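Reproduced below: data.cif, with mmCIF, C-alpha atoms and all ligand atoms.
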data_model
#
loop_
_atom_site.group_PDB
_atom_site.id
_atom_site.type_symbol
_atom_site.label_atom_id
_atom_site.label_comp_id
_atom_site.auth_asym_id
_atom_site.auth_seq_id
_atom_site.Cartn_x
_atom_site.Cartn_y
_atom_site.Cartn_z
ATOM 1 C CA MET T 1 96.993 89.895 72.400
ATOM 2 C CA LYS T 2 98.712 93.244 72.876
ATOM 3 C CA ALA T 3 99.977 93.903 76.423
ATOM 4 C CA ILE T 4 102.193 96.561 77.975
ATOM 5 C CA LYS T 5 103.914 96.553 81.360
ATOM 6 C CA ARG T 6 105.244 99.130 83.807
ATOM 7 C CA SER T 7 106.820 99.161 87.202
ATOM 8 C CA ALA T 8 104.867 100.784 90.030
ATOM 9 C CA PRO T 9 107.427 102.116 92.513
ATOM 10 C CA ALA T 10 106.472 102.747 96.138
ATOM 11 C CA LYS T 11 107.056 106.007 98.045
ATOM 12 C CA ILE T 12 108.324 107.004 101.446
ATOM 13 C CA ASN T 13 107.650 110.211 103.365
ATOM 14 C CA LEU T 14 110.951 111.807 104.359
ATOM 15 C CA ALA T 15 108.894 114.267 106.415
ATOM 16 C CA LEU T 16 105.183 114.374 107.206
ATOM 17 C CA ASP T 17 103.411 117.235 108.934
ATOM 18 C CA ILE T 18 99.681 117.743 109.451
ATOM 19 C CA LEU T 19 98.815 121.431 109.634
ATOM 20 C CA GLY T 20 95.157 120.998 110.613
ATOM 21 C CA PRO T 21 91.682 119.894 109.502
ATOM 22 C CA ARG T 22 90.087 121.349 106.359
ATOM 23 C CA PRO T 23 86.455 122.249 105.765
ATOM 24 C CA ASP T 24 86.210 119.386 103.200
ATOM 25 C CA GLY T 25 86.906 116.752 105.876
ATOM 26 C CA TYR T 26 90.523 116.185 104.798
ATOM 27 C CA HIS T 27 93.644 117.513 106.529
ATOM 28 C CA GLU T 28 96.071 120.151 105.304
ATOM 29 C CA MET T 29 99.417 118.395 104.816
ATOM 30 C CA ARG T 30 103.046 119.376 104.320
ATOM 31 C CA MET T 31 105.246 116.445 103.298
ATOM 32 C CA VAL T 32 108.504 115.629 101.578
ATOM 33 C CA MET T 33 107.866 112.571 99.416
ATOM 34 C CA GLN T 34 110.389 110.291 97.736
ATOM 35 C CA THR T 35 109.859 107.524 95.174
ATOM 36 C CA VAL T 36 111.847 104.351 95.904
ATOM 37 C CA SER T 37 112.825 101.279 93.906
ATOM 38 C CA LEU T 38 110.516 98.825 95.729
ATOM 39 C CA CYS T 39 108.120 97.983 92.887
ATOM 40 C CA ASP T 40 104.980 96.185 91.884
ATOM 41 C CA THR T 41 104.534 95.451 88.174
ATOM 42 C CA VAL T 42 101.338 96.408 86.348
ATOM 43 C CA THR T 43 100.330 94.902 83.001
ATOM 44 C CA LEU T 44 97.612 96.318 80.760
ATOM 45 C CA ALA T 45 96.057 94.245 77.977
ATOM 46 C CA GLU T 46 92.976 94.408 75.810
ATOM 47 C CA GLY T 47 90.154 92.752 77.753
ATOM 48 C CA ALA T 48 87.336 90.482 76.577
ATOM 49 C CA ALA T 49 84.563 92.523 78.186
ATOM 50 C CA GLY T 50 84.341 95.249 80.851
ATOM 51 C CA PHE T 51 87.207 95.803 83.275
ATOM 52 C CA SER T 52 89.082 92.958 84.923
ATOM 53 C CA LEU T 53 91.785 93.131 87.571
ATOM 54 C CA ASP T 54 93.953 90.175 88.463
ATOM 55 C CA ALA T 55 96.070 90.836 91.556
ATOM 56 C CA ASP T 56 98.565 87.939 91.708
ATOM 57 C CA GLY T 57 95.829 85.475 90.835
ATOM 58 C CA ASP T 58 93.142 87.047 93.015
ATOM 59 C CA PHE T 59 90.328 88.369 90.862
ATOM 60 C CA LEU T 60 88.872 91.435 92.553
ATOM 61 C CA PRO T 61 86.387 92.479 93.829
ATOM 62 C CA ALA T 62 83.103 90.671 94.404
ATOM 63 C CA GLU T 63 81.294 93.981 94.713
ATOM 64 C CA GLY T 64 82.030 97.652 94.105
ATOM 65 C CA LYS T 65 84.719 99.023 91.815
ATOM 66 C CA THR T 66 88.437 98.867 92.402
ATOM 67 C CA LEU T 67 90.483 102.081 92.469
ATOM 68 C CA GLU T 68 92.026 100.847 89.206
ATOM 69 C CA GLN T 69 88.635 100.678 87.491
ATOM 70 C CA ARG T 70 87.573 104.072 88.871
ATOM 71 C CA ALA T 71 90.824 105.626 87.668
ATOM 72 C CA ALA T 72 90.494 104.043 84.196
ATOM 73 C CA GLU T 73 86.924 105.338 83.897
ATOM 74 C CA ALA T 74 88.046 108.827 84.971
ATOM 75 C CA PHE T 75 90.842 108.634 82.373
ATOM 76 C CA PHE T 76 88.434 107.909 79.503
ATOM 77 C CA ARG T 77 85.962 110.536 80.775
ATOM 78 C CA GLU T 78 88.812 113.031 80.459
ATOM 79 C CA LEU T 79 89.403 111.865 76.857
ATOM 80 C CA ASP T 80 85.637 111.980 76.252
ATOM 81 C CA ARG T 81 85.727 108.367 75.019
ATOM 82 C CA PRO T 82 83.965 105.225 76.237
ATOM 83 C CA CYS T 83 86.128 102.978 78.424
ATOM 84 C CA PRO T 84 87.185 99.973 76.261
ATOM 85 C CA PRO T 85 87.397 96.412 77.675
ATOM 86 C CA LEU T 86 90.617 96.276 79.713
ATOM 87 C CA ALA T 87 92.459 93.482 81.517
ATOM 88 C CA VAL T 88 94.850 94.689 84.219
ATOM 89 C CA SER T 89 97.118 92.453 86.243
ATOM 90 C CA LEU T 90 99.339 93.233 89.218
ATOM 91 C CA GLU T 91 102.444 91.436 90.428
ATOM 92 C CA LYS T 92 102.751 92.622 94.030
ATOM 93 C CA GLN T 93 105.931 93.140 95.954
ATOM 94 C CA THR T 94 105.194 96.286 97.976
ATOM 95 C CA PRO T 95 103.353 95.437 101.204
ATOM 96 C CA ALA T 96 99.812 96.840 101.267
ATOM 97 C CA TYR T 97 98.546 99.116 104.086
ATOM 98 C CA ALA T 98 102.118 99.941 105.014
ATOM 99 C CA GLY T 99 102.371 103.708 104.421
ATOM 100 C CA LEU T 100 104.361 103.012 101.241
ATOM 101 C CA GLY T 101 101.632 104.033 98.782
ATOM 102 C CA GLY T 102 101.609 100.549 97.232
ATOM 103 C CA GLY T 103 97.962 100.620 96.123
ATOM 104 C CA SER T 104 98.256 104.170 94.768
ATOM 105 C CA ALA T 105 101.476 103.276 92.941
ATOM 106 C CA ASP T 106 99.624 100.515 91.061
ATOM 107 C CA VAL T 107 96.831 102.899 90.036
ATOM 108 C CA ALA T 108 99.408 105.526 89.015
ATOM 109 C CA ALA T 109 101.267 102.962 86.877
ATOM 110 C CA LEU T 110 97.959 102.010 85.251
ATOM 111 C CA LEU T 111 97.322 105.683 84.427
ATOM 112 C CA ARG T 112 100.788 105.939 82.867
ATOM 113 C CA LEU T 113 100.071 102.793 80.831
ATOM 114 C CA LEU T 114 96.707 104.159 79.667
ATOM 115 C CA ARG T 115 98.408 107.388 78.615
ATOM 116 C CA GLN T 116 101.134 105.474 76.760
ATOM 117 C CA TRP T 117 98.519 103.467 74.866
ATOM 118 C CA TYR T 118 95.678 105.885 74.286
ATOM 119 C CA ALA T 119 96.875 109.486 74.721
ATOM 120 C CA PRO T 120 100.683 109.910 74.694
ATOM 121 C CA GLU T 121 100.260 113.678 74.434
ATOM 122 C CA LEU T 122 98.333 113.964 77.732
ATOM 123 C CA PRO T 123 100.313 116.194 80.158
ATOM 124 C CA THR T 124 101.434 114.697 83.478
ATOM 125 C CA GLU T 125 99.457 117.435 85.297
ATOM 126 C CA THR T 126 96.235 116.092 83.712
ATOM 127 C CA LEU T 127 97.145 112.546 84.745
ATOM 128 C CA GLU T 128 97.766 113.822 88.299
ATOM 129 C CA ARG T 129 94.341 115.522 88.315
ATOM 130 C CA ILE T 130 92.671 112.293 87.153
ATOM 131 C CA GLY T 131 94.560 110.422 89.895
ATOM 132 C CA LEU T 132 93.327 112.822 92.571
ATOM 133 C CA THR T 133 89.747 111.647 91.898
ATOM 134 C CA VAL T 134 90.685 108.318 93.539
ATOM 135 C CA GLY T 135 93.161 109.307 96.290
ATOM 136 C CA SER T 136 95.096 112.180 97.865
ATOM 137 C CA ASP T 137 98.566 110.666 97.319
ATOM 138 C CA MET T 138 97.821 109.720 93.696
ATOM 139 C CA PRO T 139 99.217 112.909 92.114
ATOM 140 C CA PHE T 140 102.621 112.274 93.711
ATOM 141 C CA CYS T 141 102.510 108.590 92.756
ATOM 142 C CA VAL T 142 101.840 109.635 89.141
ATOM 143 C CA ARG T 143 104.704 112.141 89.090
ATOM 144 C CA GLY T 144 107.337 110.464 91.285
ATOM 145 C CA GLY T 145 110.803 111.712 92.184
ATOM 146 C CA THR T 146 111.375 114.003 95.157
ATOM 147 C CA ALA T 147 108.650 116.552 95.895
ATOM 148 C CA LEU T 148 107.079 118.795 98.492
ATOM 149 C CA ALA T 149 103.398 117.834 98.740
ATOM 150 C CA GLU T 150 100.937 120.315 100.250
ATOM 151 C CA GLY T 151 97.158 120.755 100.393
ATOM 152 C CA ARG T 152 95.572 117.287 100.601
ATOM 153 C CA GLY T 153 98.859 116.027 99.159
ATOM 154 C CA GLU T 154 98.113 117.079 95.591
ATOM 155 C CA VAL T 155 99.881 120.472 95.474
ATOM 156 C CA LEU T 156 103.314 119.341 94.310
ATOM 157 C CA THR T 157 106.606 121.204 94.008
ATOM 158 C CA ASP T 158 109.534 119.268 92.553
ATOM 159 C CA LEU T 159 112.582 119.252 94.830
ATOM 160 C CA PRO T 160 116.237 118.504 94.095
ATOM 161 C CA PRO T 161 116.738 114.716 94.191
ATOM 162 C CA LEU T 162 117.672 112.920 97.383
ATOM 163 C CA PRO T 163 121.454 112.363 97.126
ATOM 164 C CA PRO T 164 122.404 108.778 96.157
ATOM 165 C CA CYS T 165 121.893 106.516 99.172
ATOM 166 C CA ARG T 166 120.409 103.211 100.273
ATOM 167 C CA ILE T 167 117.161 102.880 102.197
ATOM 168 C CA VAL T 168 116.209 99.924 104.390
ATOM 169 C CA ILE T 169 112.435 99.580 104.753
ATOM 170 C CA CYS T 170 110.970 97.356 107.420
ATOM 171 C CA LYS T 171 107.247 96.515 107.586
ATOM 172 C CA PRO T 172 106.040 95.161 110.930
ATOM 173 C CA ASP T 173 103.267 92.644 110.885
ATOM 174 C CA PHE T 174 100.228 94.821 111.624
ATOM 175 C CA ASP T 175 98.094 97.276 109.652
ATOM 176 C CA LEU T 176 97.138 100.843 110.582
ATOM 177 C CA PRO T 177 94.067 102.132 108.713
ATOM 178 C CA THR T 178 94.866 105.660 107.419
ATOM 179 C CA ALA T 179 91.438 107.159 108.184
ATOM 180 C CA GLU T 180 91.657 105.867 111.790
ATOM 181 C CA LEU T 181 95.042 107.522 112.326
ATOM 182 C CA PHE T 182 93.741 110.806 110.909
ATOM 183 C CA ALA T 183 90.823 110.527 113.372
ATOM 184 C CA ARG T 184 93.354 110.243 116.233
ATOM 185 C CA VAL T 185 94.946 113.523 115.093
ATOM 186 C CA ARG T 186 91.746 115.551 115.657
ATOM 187 C CA GLY T 187 92.114 118.255 118.306
ATOM 188 C CA ARG T 188 95.676 117.246 119.046
ATOM 189 C CA VAL T 189 98.636 119.575 119.521
ATOM 190 C CA PHE T 190 101.786 117.793 118.368
ATOM 191 C CA GLN T 191 104.806 117.869 120.672
ATOM 192 C CA GLY T 192 107.253 118.010 117.783
ATOM 193 C CA ARG T 193 107.092 119.150 114.161
ATOM 194 C CA PRO T 194 109.344 118.365 111.215
ATOM 195 C CA ASP T 195 111.803 121.007 110.016
ATOM 196 C CA ILE T 196 110.598 120.782 106.429
ATOM 197 C CA ASP T 197 112.237 124.038 105.303
ATOM 198 C CA GLY T 198 115.550 122.762 106.714
ATOM 199 C CA MET T 199 115.072 119.481 104.833
ATOM 200 C CA VAL T 200 114.326 121.334 101.584
ATOM 201 C CA ASN T 201 117.541 123.363 102.083
ATOM 202 C CA ALA T 202 119.511 120.168 102.754
ATOM 203 C CA LEU T 203 118.154 118.677 99.507
ATOM 204 C CA GLY T 204 119.187 121.899 97.753
ATOM 205 C CA THR T 205 122.771 121.503 98.908
ATOM 206 C CA GLY T 206 122.792 117.731 98.314
ATOM 207 C CA CYS T 207 123.482 117.045 102.005
ATOM 208 C CA LEU T 208 122.238 113.531 102.851
ATOM 209 C CA GLU T 209 123.085 113.929 106.555
ATOM 210 C CA GLY T 210 121.054 117.164 106.650
ATOM 211 C CA VAL T 211 118.041 115.287 105.253
ATOM 212 C CA ALA T 212 118.596 112.238 107.460
ATOM 213 C CA LYS T 213 118.683 114.188 110.722
ATOM 214 C CA ARG T 214 115.360 115.857 109.813
ATOM 215 C CA LEU T 215 113.351 112.688 109.022
ATOM 216 C CA TYR T 216 110.131 113.187 111.001
ATOM 217 C CA ASN T 217 106.542 111.975 110.905
ATOM 218 C CA VAL T 218 103.901 113.477 113.216
ATOM 219 C CA PHE T 219 101.734 110.339 112.826
ATOM 220 C CA GLU T 220 104.224 108.552 115.088
ATOM 221 C CA GLU T 221 102.824 110.615 118.002
ATOM 222 C CA VAL T 222 99.266 109.345 117.567
ATOM 223 C CA LEU T 223 99.990 105.634 117.119
ATOM 224 C CA PRO T 224 98.246 103.235 119.486
ATOM 225 C CA GLU T 225 100.675 102.382 122.333
ATOM 226 C CA GLU T 226 101.726 98.918 121.105
ATOM 227 C CA ALA T 227 102.316 100.143 117.567
ATOM 228 C CA ARG T 228 104.252 103.159 118.866
ATOM 229 C CA GLN T 229 106.578 100.901 120.826
ATOM 230 C CA GLU T 230 107.193 98.620 117.868
ATOM 231 C CA VAL T 231 107.869 101.524 115.504
ATOM 232 C CA ARG T 232 110.223 103.089 118.055
ATOM 233 C CA GLY T 233 111.985 99.723 118.438
ATOM 234 C CA ILE T 234 112.558 99.409 114.678
ATOM 235 C CA LYS T 235 113.872 102.975 114.462
ATOM 236 C CA THR T 236 116.289 102.341 117.328
ATOM 237 C CA ALA T 237 117.470 99.092 115.729
ATOM 238 C CA LEU T 238 118.051 100.808 112.357
ATOM 239 C CA LEU T 239 120.015 103.612 114.049
ATOM 240 C CA ARG T 240 122.083 101.050 115.986
ATOM 241 C CA CYS T 241 122.852 99.370 112.649
ATOM 242 C CA GLY T 242 124.299 102.666 111.432
ATOM 243 C CA ALA T 243 121.356 104.465 109.791
ATOM 244 C CA LEU T 244 121.913 108.219 109.439
ATOM 245 C CA GLY T 245 118.264 108.711 110.396
ATOM 246 C CA ALA T 246 115.001 106.736 110.568
ATOM 247 C CA ALA T 247 111.253 107.446 110.549
ATOM 248 C CA MET T 248 107.874 105.864 109.895
ATOM 249 C CA SER T 249 106.534 106.340 106.356
ATOM 250 C CA GLY T 250 103.072 107.840 105.737
ATOM 251 C CA SER T 251 100.404 106.422 108.019
ATOM 252 C CA GLY T 252 102.682 103.467 108.754
ATOM 253 C CA PRO T 253 103.558 101.064 109.996
ATOM 254 C CA ALA T 254 106.546 100.691 107.603
ATOM 255 C CA VAL T 255 109.713 102.279 109.000
ATOM 256 C CA PHE T 256 112.787 103.199 106.962
ATOM 257 C CA GLY T 257 116.385 104.146 107.619
ATOM 258 C CA LEU T 258 118.775 106.063 105.358
ATOM 259 C CA PHE T 259 122.311 104.810 104.720
ATOM 260 C CA GLN T 260 125.129 106.359 102.752
ATOM 261 C CA THR T 261 126.137 103.197 100.870
ATOM 262 C CA GLU T 262 124.978 99.643 100.152
ATOM 263 C CA GLU T 263 127.910 98.340 102.194
ATOM 264 C CA GLU T 264 126.645 100.276 105.220
ATOM 265 C CA ALA T 265 123.022 99.211 104.648
ATOM 266 C CA LEU T 266 123.587 95.458 104.230
ATOM 267 C CA PRO T 267 124.158 94.647 107.935
ATOM 268 C CA ALA T 268 120.882 96.471 108.759
ATOM 269 C CA LEU T 269 119.046 94.508 106.054
ATOM 270 C CA GLU T 270 120.348 91.207 107.372
ATOM 271 C CA SER T 271 119.729 92.054 111.004
ATOM 272 C CA MET T 272 116.176 93.410 110.484
ATOM 273 C CA ARG T 273 115.252 90.428 108.275
ATOM 274 C CA MET T 274 115.762 88.108 111.232
ATOM 275 C CA TRP T 275 112.821 89.837 112.934
ATOM 276 C CA TYR T 276 110.765 91.131 110.027
ATOM 277 C CA ALA T 277 110.283 89.063 106.860
ATOM 278 C CA GLN T 278 109.153 92.147 104.990
ATOM 279 C CA THR T 279 112.446 94.057 105.025
ATOM 280 C CA PHE T 280 113.720 95.605 101.790
ATOM 281 C CA LEU T 281 116.869 97.350 100.566
ATOM 282 C CA VAL T 282 115.972 100.038 98.026
ATOM 283 C CA GLN T 283 117.239 103.273 96.539
ATOM 284 C CA PRO T 284 115.731 106.602 95.510
ATOM 285 C CA VAL T 285 114.055 106.868 92.077
ATOM 286 C CA GLY T 286 113.558 110.053 90.025
ATOM 287 C CA ARG T 287 110.454 111.393 88.253
ATOM 288 C CA LEU T 288 108.322 108.740 86.565
ATOM 289 C CA ASP T 289 107.059 110.631 83.536
ATOM 290 C CA GLY T 290 110.242 110.175 81.527
ATOM 291 C CA PRO T 291 110.923 107.265 79.165
ATOM 292 C CA VAL T 292 109.082 104.022 79.939
ATOM 293 C CA VAL T 293 110.293 102.267 83.101
HETATM 294 O O1 LIG P 1 92.436 110.545 99.787
HETATM 295 P P1 LIG P 1 92.372 109.185 100.375
HETATM 296 O O2 LIG P 1 91.130 108.441 99.959
HETATM 297 O O3 LIG P 1 93.592 108.374 100.138
HETATM 298 O O4 LIG P 1 92.281 109.384 101.952
HETATM 299 C C1 LIG P 1 91.917 108.350 102.838
HETATM 300 C C2 LIG P 1 91.405 108.972 104.133
HETATM 301 O O5 LIG P 1 92.483 109.618 104.803
HETATM 302 C C3 LIG P 1 90.369 110.049 103.914
HETATM 303 O O6 LIG P 1 89.087 109.514 103.929
HETATM 304 C C4 LIG P 1 90.590 110.966 105.092
HETATM 305 O O7 LIG P 1 89.934 110.428 106.213
HETATM 306 C C5 LIG P 1 92.062 110.855 105.350
HETATM 307 N N1 LIG P 1 92.841 111.969 104.759
HETATM 308 C C6 LIG P 1 92.806 113.219 105.376
HETATM 309 N N2 LIG P 1 93.560 114.256 104.842
HETATM 310 C C7 LIG P 1 94.340 114.050 103.753
HETATM 311 C C8 LIG P 1 94.381 112.790 103.136
HETATM 312 C C9 LIG P 1 93.631 111.759 103.673
HETATM 313 O O8 LIG P 1 92.117 113.419 106.379
HETATM 314 N N3 LIG P 1 95.071 115.069 103.289
#

Can the structure in the file be given as structure tokens, please?
Ligand code: C5P
Amino acid sequence: MKAIKRSAPAKINLALDILGPRPDGYHEMRMVMQTVSLCDTVTLAEGAAGFSLDADGDFLPAEGKTLEQRAAEAFFRELDRPCPPLAVSLEKQTPAYAGLGGGSADVAALLRLLRQWYAPELPTETLERIGLTVGSDMPFCVRGGTALAEGRGEVLTDLPPLPPCRIVICKPDFDLPTAELFARVRGRVFQGRPDIDGMVNALGTGCLEGVAKRLYNVFEEVLPEEARQEVRGIKTALLRCGALGAAMSGSGPAVFGLFQTEEEALPALESMRMWYAQTFLVQPVGRLDGPVV
């Protein structure tokens, strides 16, 4: 049976600002997003019947449709073709519900696989639009690289790449539902805001320190008290281990620190791993619509 495979790299938010609520129920965002080398692997094969998804042995779901199935159906609607029987399997490495876009990365990789197989000529912008039908961060997860994301998260502007560096990501052992955190933002005036224009300028001049000192996520202000303390503790520990800067990613609770070199990052990796099993050493990844990864 024919099968093709792709990596599904996670993302971090170098900066995350929430400008305010929108009439459609979503929030207006301004974020600097970065793809990183922490990856799931997605395999697409011809199925026997319908759509099947095998996530590391777990066959999902008992009821309703997975995001993967909804995205595949939207893909074939765009091509004006019936959705053929498909068998998708995921090998997970990225922690779920962490603010690392793990679930969206898998769906994005599936869309890239579907394009490779069924419609190689389909522009990335179309794939991003299909992705948006299942989630706000999908367009970025389809495109990858370094980008400014505005609107719901779907209005993307490519940015100069993050200078070569190492990133230590640490996922504490609790989940923060995204919708709940957005609900905590309502009516709130943030005490601090990220200097996104300054970060964009720092990327333009290739200044890692300039990016690192501007890492900022307004969601950190609305975390429940216990979560806030744990996130703050991880940031402090990463900075003590020599990180140039640290912040929570997305709606959390994963926290990351930027380091100039692997040598400088390794002590942080080792030290954080003693407390948090889900600690990873990764590096930045460029746009994902090039040759097959
Ligand atoms: O788009 P997605 O389904 O990933 O969003 C999950 C939830 O996060 C939405 O239901 C909404 O409550 C919130 N959200 C938001 N503004 C955004 C993105 C997400 O309020 N820009």

For the provided coordinates, the residues matched by the PyMOL selection byres (((chain T and resi 21-37) around 9) and not hetatm) should be stated as number ranges by chain. T: 8-20, 38-39, 140-141, 144-153, 159, 161-162, 167, 182, 186-187, 196, 199-200, 217, 281-288

Between atom CA of T:Leu114 and atom CA of T:Pro82, what is the spacing in Å? 13.2 Å

What separation in Å, quoted to one decimal, exists between atom O1 of ligand LIG 1 (chain P) and atom CA of T:Ala212? 27.3 Å

What lies within 8 Å of T:Lys2 using only C-alpha atoms, ignoring chain neighbours under 2 positions off, as a ChimeraX atom specification? /T:4,45-46

Can you translate the PyMOL selection byres (((chain T and resi 49) around 10) and not hetatm) into the concrete residues it hits in this file, as a list in words? Glu46, Gly47, Ala48, Gly50, Phe51, Ser52, Pro84, Pro85, Leu86 and Ala87 of chain T

Go ahead and write the selection's residues with C-alpha atoms as an mmCIF file, in the frame of the given file.
data_model
loop_
_atom_site.group_PDB
_atom_site.id
_atom_site.type_symbol
_atom_site.label_atom_id
_atom_site.label_comp_id
_atom_site.auth_asym_id
_atom_site.auth_seq_id
_atom_site.Cartn_x
_atom_site.Cartn_y
_atom_site.Cartn_z
ATOM 1 C CA GLU T 46 92.976 94.408 75.810
ATOM 2 C CA GLY T 47 90.154 92.752 77.753
ATOM 3 C CA ALA T 48 87.336 90.482 76.577
ATOM 4 C CA GLY T 50 84.341 95.249 80.851
ATOM 5 C CA PHE T 51 87.207 95.803 83.275
ATOM 6 C CA SER T 52 89.082 92.958 84.923
ATOM 7 C CA PRO T 84 87.185 99.973 76.261
ATOM 8 C CA PRO T 85 87.397 96.412 77.675
ATOM 9 C CA LEU T 86 90.617 96.276 79.713
ATOM 10 C CA ALA T 87 92.459 93.482 81.517
#

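Straight-line separation from atom CA of T:Glu262 to atom CA of T:Gly242: 11.7 Å.
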
Determine the residue membership of the PyMOL selection byres (((chain T and resi 221) around 12) and not hetatm) for the file above and supply it as a ChimeraX atom specification. /T:16-18,181-182,184-185,188-193,216-220,222-225,227-229,231-232,247-248,251-252

Between T:Ala71, T:Ala3, T:Leu269, T:Leu176, which residue has the minimum interatomic distance to T:Ile130, considering only C-alpha atoms? T:Ala71

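Closest approach to T:Leu113 from the set T:Asp195, T:Val42, T:Leu238, T:Gln278 is made by T:Val42, with distances taken over all atoms listed in the file.
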
Report the centre and edge lengths, in Å to one decimal, of an axis-aligned box enclosing every atom of ligand LIG 1 (chain P) listed in the file, padded by 3 Å on each side, as lines of an AutoDock Vina configuration file.
center_x = 92.1
center_y = 111.7
center_z = 103.1
size_x = 12.0
size_y = 12.7
size_z = 12.6

Quick one: residues within 9 Å of T:Phe75, all atoms listed in the file counted, chain neighbours fewer than 2 positions away excluded, as a PyMOL selection string? chain T and resi 70-73+77-81+83+111+114-115+127+130-131
